Amino acid sequence: MTYFITGGTGFIGRNLIERLARRPGTIHCLVRAESVGKLAAIGRRYGLQEDRLIPVIGDLTLPNLGVDAATIEGLAGQVDHLFHLAAVYDITADPERQRIANVDGTRRMLDLAEAIQAGTVHHISSIAAAGTYRGTFTEDMLEEATGLSDPYYRTKHESEKLVRSDCTRPWRIYRPGIVLGDSRTGEMDKVDGPAYAFGLLKRLRHSLPGWFPLIGIEGRRPNLVPVDFVADALDHIAHTPDRDGQTFHLTDPNPQTAGRVLNTFAKAAGAPRFGIRIDPGVFDLVPNTVTLGLMALAPVRRIVQAITDSTGIPRQFFTYVSNPTTFDSTNTQAALEGTDIDVPAVYSYADKVWDYWARNLDPALFEDRSLAGAVADKRIMITGASSGIGRAAAQQIGAAGGTVLLVARSTENLEATKADVEAAGGTAFVHPCDLTDDDDVARLVEEVLSTHGGVDILVNNAGRSIRRGLAMSYDRLHDFQRTMQLNYFGALRLILGFLPGMRERQFGHIINVSSIGVQTNVPRFSAYVASKSALDAFSRCAGTEIIDDNCHVTTIYMPLVRTEMITPTKMYDAFPASTPETAGGLICRAIIDRPKRIATGLGNAAQVGQALAPKLMDAILNTGYHLFPDSRAARNGSSEVATDEDEASSEGLAFAHLLRGIHW
């Protein structure tokens, strides 16, 4: 038996070669000259000797696929089966590239098949050839296809039409569904189908607890199949007699909705599931002309682009999950009858596919996500750098080779931090400043602009916290004023001082160290939370103005951290709290990723709870209010260290451990 394969080094192609290797015969594989080594590696993987897997140098864009006359003469009358898999399977690819590969490449394949008098031509098409046909698309249908405006749908449809009308050799057509990884190993060669949403699932896993229910869209029933099923079915049907002139849907007879599929992968990823899913029929109520008109508007297109950019999910993905077509596979099921070839349920191999993606295809694996790369040639100003979180962050940035501008009131303590940074391999400059003093901040800004030329990354970490109930604050307006003076106005003065230079240079990053209290609205912290919330609100508004200048704002909703700030509250000694080093690591993560926000899953859940069930959240927070006493320092109106009188009860400690990281 002699085979000729185009696209043999692709995902389906190499899996088909694995099956054909089990049969006697020779496999000729069309490859570009630069892919000969790749084909040889496939042969070694499947135990094929060089005389059984033979490279044929060619190119889809050339007449007869670029196969030279001598090779054509040698293959004439010898090829029993020609498998045409070479095509562009990327739904995001350039339309012209898709046409050249999918349509023109098929036309040239037919010319080659005639030249070598191939026995049977096996054209691997796609369910995309049906377009967005509403209803059941049978295996003998093609002209009935509708909604072919998408270039991938259109080129797959046209290439299949060419085979049906122009092929002079016996032919068979196969339409695989959306091909996922191998159900045995999870192996994939590219992101496709639900894998486009894996990056979003990963973000959700890091942002919310796994038990937190989400609202999503149920979607239609995208037809998903693993590559091993496709290869097994191709191999079997190709060698079954009396099937010429037929089309086969290599599809799942019982596909699941997109919502169920995403939940299956969310479970595999350890991400929260979409507990409430909107029926897609709701969107059918909107006339298609209205939808098309809205999508033509420039603001709408920009919003859609922003969504795709932030999630990593291409626009075409939503076309797939909303496709109304179902696929009848009666002919295929009849051809596979008596075999053990069938489509496994997605849930049976979702964990393997997720694991393979996370280890091999996650785009984050190929990005420079090193702190060293993020801080190289950058001037990073850190306020509150004399101790705690600021000092820890400065040390970590120094270890990565960064240049740090250290700001705090104490020159002596800043010099100690500078020594730490330099010992770690970084460069540091000391800039003492009282951030509550307008004149001193103006001096600092002028000094830094004159000495360093500006700031690339500003970390507003300096802060003051006051834990005091309202009953003890009626005559203490100054508590609210002084927290606002440092936490809001101090940070704002620096932002206004350095932001013009950032915008002019078309690069800037402002990192505000906020608090989980802004998300949870905990009692006794009204002064502190109000000041942090003010900076948060300013940043949300300002951030929308400066993104065009490649300037970004990140807010870190920091959980409870064991620093000098919490020393006056003795009961915190028994509370679960992060270390300054861990908190400093969050600042470093913000520098690398430049996200809009960094928060704990519990903080995010509390914020959503405030929006959906505010009275329930009030009841929970009021319970905490009664469980935890005011510190002795707060009762005396002083900053003295508290005593054993301030220790929390056993019930309080249990409550604190249940809601880890929240300030009580």
# chains A, B, ... in the order shown; residues from 1 in each chain; ligands from 1
call {"tool": "residues_around", "arguments": {"residues": "Gly47 (chain A)", "least_positions_apart": "5", "cutoff": "12 Å", "atoms": "only C-alpha atoms", "output": "PyMOL selection string"}}
result
chain A and resi 17-22+40-42+52-53
call {"tool": "write_last_selection", "arguments": {"atoms": "N, CA and C atoms", "output": "mmCIF file, in the first residue's frame"}}
result
data_model
loop_
_atom_site.group_PDB
_atom_site.id
_atom_site.type_symbol
_atom_site.label_atom_id
_atom_site.label_comp_id
_atom_site.auth_asym_id
_atom_site.auth_seq_id
_atom_site.Cartn_x
_atom_site.Cartn_y
_atom_site.Cartn_z
ATOM 1 N N ILE A 17 -0.458 9.596 10.409
ATOM 2 C CA ILE A 17 0.763 8.840 10.102
ATOM 3 C C ILE A 17 0.983 7.748 11.135
ATOM 4 N N GLU A 18 0.691 8.045 12.401
ATOM 5 C CA GLU A 18 0.842 7.025 13.445
ATOM 6 C C GLU A 18 -0.030 5.811 13.130
ATOM 7 N N ARG A 19 -1.263 6.038 12.645
ATOM 8 C CA ARG A 19 -2.154 4.910 12.322
ATOM 9 C C ARG A 19 -1.676 4.168 11.071
ATOM 10 N N LEU A 20 -1.272 4.923 10.061
ATOM 11 C CA LEU A 20 -0.830 4.284 8.822
ATOM 12 C C LEU A 20 0.465 3.502 9.019
ATOM 13 N N ALA A 21 1.263 3.914 10.009
ATOM 14 C CA ALA A 21 2.516 3.206 10.287
ATOM 15 C C ALA A 21 2.267 1.775 10.734
ATOM 16 N N ARG A 22 1.063 1.512 11.242
ATOM 17 C CA ARG A 22 0.730 0.157 11.692
ATOM 18 C C ARG A 22 0.375 -0.754 10.519
ATOM 19 N N ALA A 40 11.202 13.774 9.880
ATOM 20 C CA ALA A 40 12.066 12.682 10.346
ATOM 21 C C ALA A 40 11.817 12.386 11.817
ATOM 22 N N ALA A 41 11.582 13.448 12.613
ATOM 23 C CA ALA A 41 11.313 13.259 14.039
ATOM 24 C C ALA A 41 10.000 12.512 14.245
ATOM 25 N N ILE A 42 9.001 12.806 13.401
ATOM 26 C CA ILE A 42 7.724 12.093 13.473
ATOM 27 C C ILE A 42 7.941 10.619 13.155
ATOM 28 N N ARG A 52 10.279 4.030 4.688
ATOM 29 C CA ARG A 52 8.818 3.936 4.783
ATOM 30 C C ARG A 52 8.148 5.302 4.917
ATOM 31 N N LEU A 53 8.874 6.300 5.406
ATOM 32 C CA LEU A 53 8.331 7.653 5.503
ATOM 33 C C LEU A 53 9.243 8.559 4.676
#
call {"tool": "select_by_dssp", "arguments": {"residues": "region 387-577 of chain A", "states": "alpha helix (DSSP H)", "output": "ChimeraX atom specification"}}
result
/A:388-399,411-423,438-452,477-483,491-505,517-520,526-546
call {"tool": "closest_residue", "arguments": {"among": "A:Val375, A:Leu365, A:Ala130, A:Ala231", "to": "Asn323 (chain A)", "atoms": "only C-alpha atoms"}}
result
A:Ala130
call {"tool": "residues_around", "arguments": {"residues": "region 408-414 of chain A", "least_positions_apart": "2", "cutoff": "7 Å", "atoms": "only C-alpha atoms", "output": "PDB file with C-alpha atoms, in the first residue's frame"}}
result
ATOM      1  CA  THR A 383       7.104  55.338  49.066  1.00  0.00           C
ATOM      2  CA  GLY A 384       7.092  53.948  52.581  1.00  0.00           C
ATOM      3  CA  ALA A 385      10.366  52.231  51.680  1.00  0.00           C
ATOM      4  CA  SER A 386      11.933  52.492  55.129  1.00  0.00           C
ATOM      5  CA  LEU A 406      13.411  55.235  48.083  1.00  0.00           C
ATOM      6  CA  ALA A 416      19.420  50.842  55.665  1.00  0.00           C
ATOM      7  CA  THR A 417      17.019  49.904  52.861  1.00  0.00           C
ATOM      8  CA  LYS A 418      19.461  51.279  50.311  1.00  0.00           C
ATOM      9  CA  VAL A 430      17.529  57.919  49.058  1.00  0.00           C
ATOM     10  CA  PRO A 432      13.604  61.634  52.360  1.00  0.00           C
ATOM     11  CA  CYS A 433      10.240  63.379  52.253  1.00  0.00           C
ATOM     12  CA  ASP A 434       7.187  64.062  54.404  1.00  0.00           C
TER      13      ASP A 434
END
call {"tool": "closest_residue", "arguments": {"among": "A:Val103, A:Ala583, A:Val529, A:Ala145", "to": "Arg468 (chain A)", "atoms": "only C-alpha atoms"}}
result
A:Val529
call {"tool": "residues_around", "arguments": {"residues": "Leu30 (chain A)", "least_positions_apart": "4", "cutoff": "10 Å", "atoms": "only C-alpha atoms", "output": "PDB file with N, CA, C and O atoms, in the first residue's frame"}}
result
ATOM      1  N   PHE A   4       0.092   9.001   0.000  1.00  0.00           N
ATOM      2  CA  PHE A   4       0.648  10.341  -0.202  1.00  0.00           C
ATOM      3  C   PHE A   4      -0.156  11.280   0.703  1.00  0.00           C
ATOM      4  O   PHE A   4      -1.397  11.302   0.646  1.00  0.00           O
ATOM      5  N   ILE A   5       0.547  12.047   1.537  1.00  0.00           N
ATOM      6  CA  ILE A   5      -0.132  12.908   2.513  1.00  0.00           C
ATOM      7  C   ILE A   5       0.367  14.343   2.374  1.00  0.00           C
ATOM      8  O   ILE A   5       1.577  14.589   2.322  1.00  0.00           O
ATOM      9  N   THR A   6      -0.560  15.285   2.314  1.00  0.00           N
ATOM     10  CA  THR A   6      -0.197  16.694   2.473  1.00  0.00           C
ATOM     11  C   THR A   6      -0.583  17.094   3.900  1.00  0.00           C
ATOM     12  O   THR A   6      -1.581  16.618   4.438  1.00  0.00           O
ATOM     13  N   GLY A   7       0.211  17.955   4.502  1.00  0.00           N
ATOM     14  CA  GLY A   7      -0.082  18.365   5.877  1.00  0.00           C
ATOM     15  C   GLY A   7       0.241  17.287   6.892  1.00  0.00           C
ATOM     16  O   GLY A   7      -0.346  17.249   7.979  1.00  0.00           O
ATOM     17  N   GLY A   8       1.187  16.413   6.560  1.00  0.00           N
ATOM     18  CA  GLY A   8       1.507  15.298   7.445  1.00  0.00           C
ATOM     19  C   GLY A   8       2.195  15.702   8.735  1.00  0.00           C
ATOM     20  O   GLY A   8       2.173  14.950   9.709  1.00  0.00           O
ATOM     21  N   THR A   9       2.810  16.888   8.741  1.00  0.00           N
ATOM     22  CA  THR A   9       3.475  17.328   9.971  1.00  0.00           C
ATOM     23  C   THR A   9       2.527  18.101  10.882  1.00  0.00           C
ATOM     24  O   THR A   9       2.914  18.517  11.975  1.00  0.00           O
ATOM     25  N   SER A  35      11.093  21.656   6.655  1.00  0.00           N
ATOM     26  CA  SER A  35      10.358  20.772   7.565  1.00  0.00           C
ATOM     27  C   SER A  35      10.771  19.307   7.447  1.00  0.00           C
ATOM     28  O   SER A  35      10.146  18.441   8.064  1.00  0.00           O
ATOM     29  N   VAL A  36      11.810  19.025   6.681  1.00  0.00           N
ATOM     30  CA  VAL A  36      12.262  17.633   6.516  1.00  0.00           C
ATOM     31  C   VAL A  36      12.676  17.048   7.867  1.00  0.00           C
ATOM     32  O   VAL A  36      12.355  15.892   8.195  1.00  0.00           O
ATOM     33  N   LEU A  39       9.654  16.089   9.908  1.00  0.00           N
ATOM     34  CA  LEU A  39       9.057  14.832   9.447  1.00  0.00           C
ATOM     35  C   LEU A  39       9.885  13.643   9.922  1.00  0.00           C
ATOM     36  O   LEU A  39       9.325  12.614  10.336  1.00  0.00           O
ATOM     37  N   ILE A  54       8.782   8.906   3.493  1.00  0.00           N
ATOM     38  CA  ILE A  54       9.638   9.568   2.505  1.00  0.00           C
ATOM     39  C   ILE A  54       9.186  11.016   2.305  1.00  0.00           C
ATOM     40  O   ILE A  54       8.029  11.268   1.931  1.00  0.00           O
ATOM     41  N   PRO A  55      10.057  11.989   2.547  1.00  0.00           N
ATOM     42  CA  PRO A  55       9.689  13.388   2.321  1.00  0.00           C
ATOM     43  C   PRO A  55       9.626  13.708   0.825  1.00  0.00           C
ATOM     44  O   PRO A  55      10.470  13.267   0.047  1.00  0.00           O
ATOM     45  N   VAL A  56       8.619  14.472   0.447  1.00  0.00           N
ATOM     46  CA  VAL A  56       8.488  14.968  -0.919  1.00  0.00           C
ATOM     47  C   VAL A  56       8.485  16.493  -0.815  1.00  0.00           C
ATOM     48  O   VAL A  56       7.561  17.089  -0.253  1.00  0.00           O
ATOM     49  N   ILE A  57       9.527  17.119  -1.329  1.00  0.00           N
ATOM     50  CA  ILE A  57       9.653  18.565  -1.200  1.00  0.00           C
ATOM     51  C   ILE A  57       8.630  19.251  -2.103  1.00  0.00           C
ATOM     52  O   ILE A  57       8.536  18.956  -3.296  1.00  0.00           O
ATOM     53  N   GLY A  58       7.855  20.179  -1.520  1.00  0.00           N
ATOM     54  CA  GLY A  58       6.836  20.866  -2.302  1.00  0.00           C
ATOM     55  C   GLY A  58       6.297  22.081  -1.573  1.00  0.00           C
ATOM     56  O   GLY A  58       6.796  22.470  -0.512  1.00  0.00           O
ATOM     57  N   ASP A  59       5.236  22.669  -2.137  1.00  0.00           N
ATOM     58  CA  ASP A  59       4.680  23.902  -1.585  1.00  0.00           C
ATOM     59  C   ASP A  59       3.252  24.050  -2.088  1.00  0.00           C
ATOM     60  O   ASP A  59       2.982  23.910  -3.289  1.00  0.00           O
ATOM     61  N   LEU A  60       2.323  24.343  -1.190  1.00  0.00           N
ATOM     62  CA  LEU A  60       0.913  24.482  -1.546  1.00  0.00           C
ATOM     63  C   LEU A  60       0.673  25.572  -2.583  1.00  0.00           C
ATOM     64  O   LEU A  60      -0.318  25.525  -3.325  1.00  0.00           O
ATOM     65  N   LEU A  65       1.534  21.399  -6.490  1.00  0.00           N
ATOM     66  CA  LEU A  65       2.054  21.493  -5.116  1.00  0.00           C
ATOM     67  C   LEU A  65       3.575  21.569  -5.078  1.00  0.00           C
ATOM     68  O   LEU A  65       4.199  21.243  -4.066  1.00  0.00           O
ATOM     69  N   GLY A  66       4.177  21.990  -6.190  1.00  0.00           N
ATOM     70  CA  GLY A  66       5.623  22.150  -6.220  1.00  0.00           C
ATOM     71  C   GLY A  66       6.388  20.856  -6.362  1.00  0.00           C
ATOM     72  O   GLY A  66       7.624  20.852  -6.248  1.00  0.00           O
ATOM     73  N   VAL A  67       5.711  19.736  -6.614  1.00  0.00           N
ATOM     74  CA  VAL A  67       6.384  18.437  -6.763  1.00  0.00           C
ATOM     75  C   VAL A  67       7.053  18.396  -8.143  1.00  0.00           C
ATOM     76  O   VAL A  67       6.419  18.685  -9.171  1.00  0.00           O
ATOM     77  N   HIS A  84      -5.422  14.670   1.722  1.00  0.00           N
ATOM     78  CA  HIS A  84      -5.143  16.117   1.651  1.00  0.00           C
ATOM     79  C   HIS A  84      -5.578  16.774   2.966  1.00  0.00           C
ATOM     80  O   HIS A  84      -6.760  17.066   3.173  1.00  0.00           O
ATOM     81  N   ALA A  86      -3.355  19.413   4.245  1.00  0.00           N
ATOM     82  CA  ALA A  86      -2.689  20.722   4.295  1.00  0.00           C
ATOM     83  C   ALA A  86      -3.706  21.840   4.111  1.00  0.00           C
ATOM     84  O   ALA A  86      -4.426  21.889   3.117  1.00  0.00           O
TER      85      ALA A  86
END
call {"tool": "atom_distance", "arguments": {"atom1": "CA of Tyr488 (chain A)", "atom2": "CA of Val561 (chain A)"}}
result
20.0 Å
call {"tool": "residues_around", "arguments": {"residues": "Arg134 (chain A)", "least_positions_apart": "6", "cutoff": "10 Å", "atoms": "only C-alpha atoms", "output": "compact mmCIF listing (two decimals) with all heavy atoms, in the first residue's frame"}}
result
# COMPACT_ATOMS: atom_id res chain seq x y z
N ALA A 145 -25.51 25.38 2.61
CA ALA A 145 -24.79 26.15 3.63
C ALA A 145 -25.15 27.63 3.56
O ALA A 145 -25.38 28.18 2.48
CB ALA A 145 -23.29 25.97 3.45
N THR A 146 -25.21 28.27 4.72
CA THR A 146 -25.51 29.71 4.80
C THR A 146 -24.51 30.37 5.75
O THR A 146 -23.80 29.70 6.50
CB THR A 146 -26.93 29.95 5.32
OG1 THR A 146 -27.07 29.34 6.61
CG2 THR A 146 -27.98 29.38 4.37
N GLY A 147 -24.47 31.70 5.71
CA GLY A 147 -23.61 32.43 6.64
C GLY A 147 -22.14 32.17 6.40
O GLY A 147 -21.40 31.83 7.34
N ASN A 323 -22.97 29.09 17.03
CA ASN A 323 -23.36 28.49 15.75
C ASN A 323 -24.58 27.58 15.96
O ASN A 323 -24.55 26.67 16.79
CB ASN A 323 -22.19 27.68 15.19
CG ASN A 323 -22.40 27.32 13.74
OD1 ASN A 323 -23.48 26.88 13.35
ND2 ASN A 323 -21.37 27.48 12.92
N PRO A 324 -25.66 27.80 15.19
CA PRO A 324 -26.89 27.04 15.41
C PRO A 324 -26.93 25.68 14.71
O PRO A 324 -27.94 24.97 14.80
CB PRO A 324 -27.95 27.97 14.82
CG PRO A 324 -27.25 28.66 13.69
CD PRO A 324 -25.83 28.86 14.16
N THR A 325 -25.88 25.30 14.00
CA THR A 325 -25.91 24.08 13.19
C THR A 325 -25.70 22.83 14.04
O THR A 325 -24.83 22.80 14.92
CB THR A 325 -24.82 24.12 12.10
OG1 THR A 325 -24.83 25.39 11.46
CG2 THR A 325 -25.02 23.03 11.09
N THR A 326 -26.48 21.81 13.77
CA THR A 326 -26.22 20.48 14.32
C THR A 326 -25.86 19.57 13.15
O THR A 326 -26.28 19.80 12.01
CB THR A 326 -27.44 19.91 15.07
OG1 THR A 326 -28.56 19.87 14.17
CG2 THR A 326 -27.79 20.77 16.27
call {"tool": "closest_residue", "arguments": {"among": "A:Ala101, A:Ala599, A:Leu621, A:Ala268", "to": "Lys352 (chain A)", "atoms": "only C-alpha atoms"}}
result
A:Ala268
call {"tool": "closest_atom_pairs", "arguments": {"of": "region 170-270 of chain A", "to": "region 328-343 of chain A", "cutoff": "7 Å", "atoms": "only C-alpha atoms", "output": "Markdown table"}}
result
| residue | atom | partner | partner_atom | distance |
| --- | --- | --- | --- | --- |
| A:Val225 | CA | A:Val343 | CA | 6.5 |
| A:Phe229 | CA | A:Val343 | CA | 6.2 |
| A:Asp232 | CA | A:Ile341 | CA | 6.8 |
| A:Ala233 | CA | A:Ile341 | CA | 6.7 |
| A:Ile237 | CA | A:Ala335 | CA | 6.4 |
| A:Phe248 | CA | A:Thr332 | CA | 5.2 |
| A:His249 | CA | A:Ser329 | CA | 5.2 |
| A:Leu250 | CA | A:Thr332 | CA | 6.9 |
| A:Thr251 | CA | A:Ser329 | CA | 6.8 |
| A:Asp252 | CA | A:Val343 | CA | 5.9 |
| A:Pro253 | CA | A:Ser329 | CA | 6.8 |
call {"tool": "write_last_selection", "arguments": {"atoms": "C-alpha atoms", "output": "short mmCIF file (atom, residue, chain, number, x, y, z; two decimals), in the first residue's frame"}}
result
data_model
loop_
_atom_site.label_atom_id
_atom_site.label_comp_id
_atom_site.auth_asym_id
_atom_site.auth_seq_id
_atom_site.Cartn_x
_atom_site.Cartn_y
_atom_site.Cartn_z
CA VAL A 225 -13.87 15.84 18.99
CA PHE A 229 -10.97 9.83 17.28
CA ASP A 232 -8.85 6.51 13.97
CA ALA A 233 -11.99 7.25 11.94
CA ILE A 237 -13.07 4.68 6.70
CA PHE A 248 -18.41 11.74 6.56
CA HIS A 249 -19.10 13.91 9.58
CA LEU A 250 -16.38 13.08 12.11
CA THR A 251 -18.45 14.66 14.85
CA ASP A 252 -19.92 14.01 18.27
CA PRO A 253 -23.48 12.67 17.96
#
call {"tool": "decode", "arguments": {"residues": "region 459-483 of chain A", "atoms": "C-alpha atoms", "output": "JSON list (two decimals), in the first residue's frame"}}
result
[["chain", "number", "residue", "atom", "x", "y", "z"],
["A", 459, "VAL", "CA", 4.58, 52.63, 43.88],
["A", 460, "ASN", "CA", 2.32, 54.49, 46.31],
["A", 461, "ASN", "CA", 2.89, 52.26, 49.32],
["A", 462, "ALA", "CA", 3.21, 54.74, 52.20],
["A", 463, "GLY", "CA", 0.11, 54.75, 54.34],
["A", 464, "ARG", "CA", -1.44, 55.32, 57.73],
["A", 465, "SER", "CA", -4.08, 53.10, 59.29],
["A", 466, "ILE", "CA", -6.48, 53.91, 62.12],
["A", 467, "ARG", "CA", -8.61, 51.20, 63.73],
["A", 468, "ARG", "CA", -11.23, 52.98, 65.81],
["A", 469, "GLY", "CA", -15.01, 52.59, 65.99],
["A", 470, "LEU", "CA", -17.32, 55.49, 65.24],
["A", 471, "ALA", "CA", -18.45, 55.73, 68.88],
["A", 472, "MET", "CA", -14.91, 56.74, 69.78],
["A", 473, "SER", "CA", -14.44, 59.01, 66.76],
["A", 474, "TYR", "CA", -17.16, 61.63, 67.13],
["A", 475, "ASP", "CA", -14.68, 64.22, 68.38],
["A", 476, "ARG", "CA", -11.72, 63.02, 66.29],
["A", 477, "LEU", "CA", -12.18, 64.60, 62.88],
["A", 478, "HIS", "CA", -8.42, 64.88, 62.69],
["A", 479, "ASP", "CA", -8.19, 61.07, 62.38],
["A", 480, "PHE", "CA", -10.03, 61.27, 59.09],
["A", 481, "GLN", "CA", -8.05, 64.30, 57.97],
["A", 482, "ARG", "CA", -4.61, 62.85, 58.64],
["A", 483, "THR", "CA", -5.35, 59.50, 56.97]]
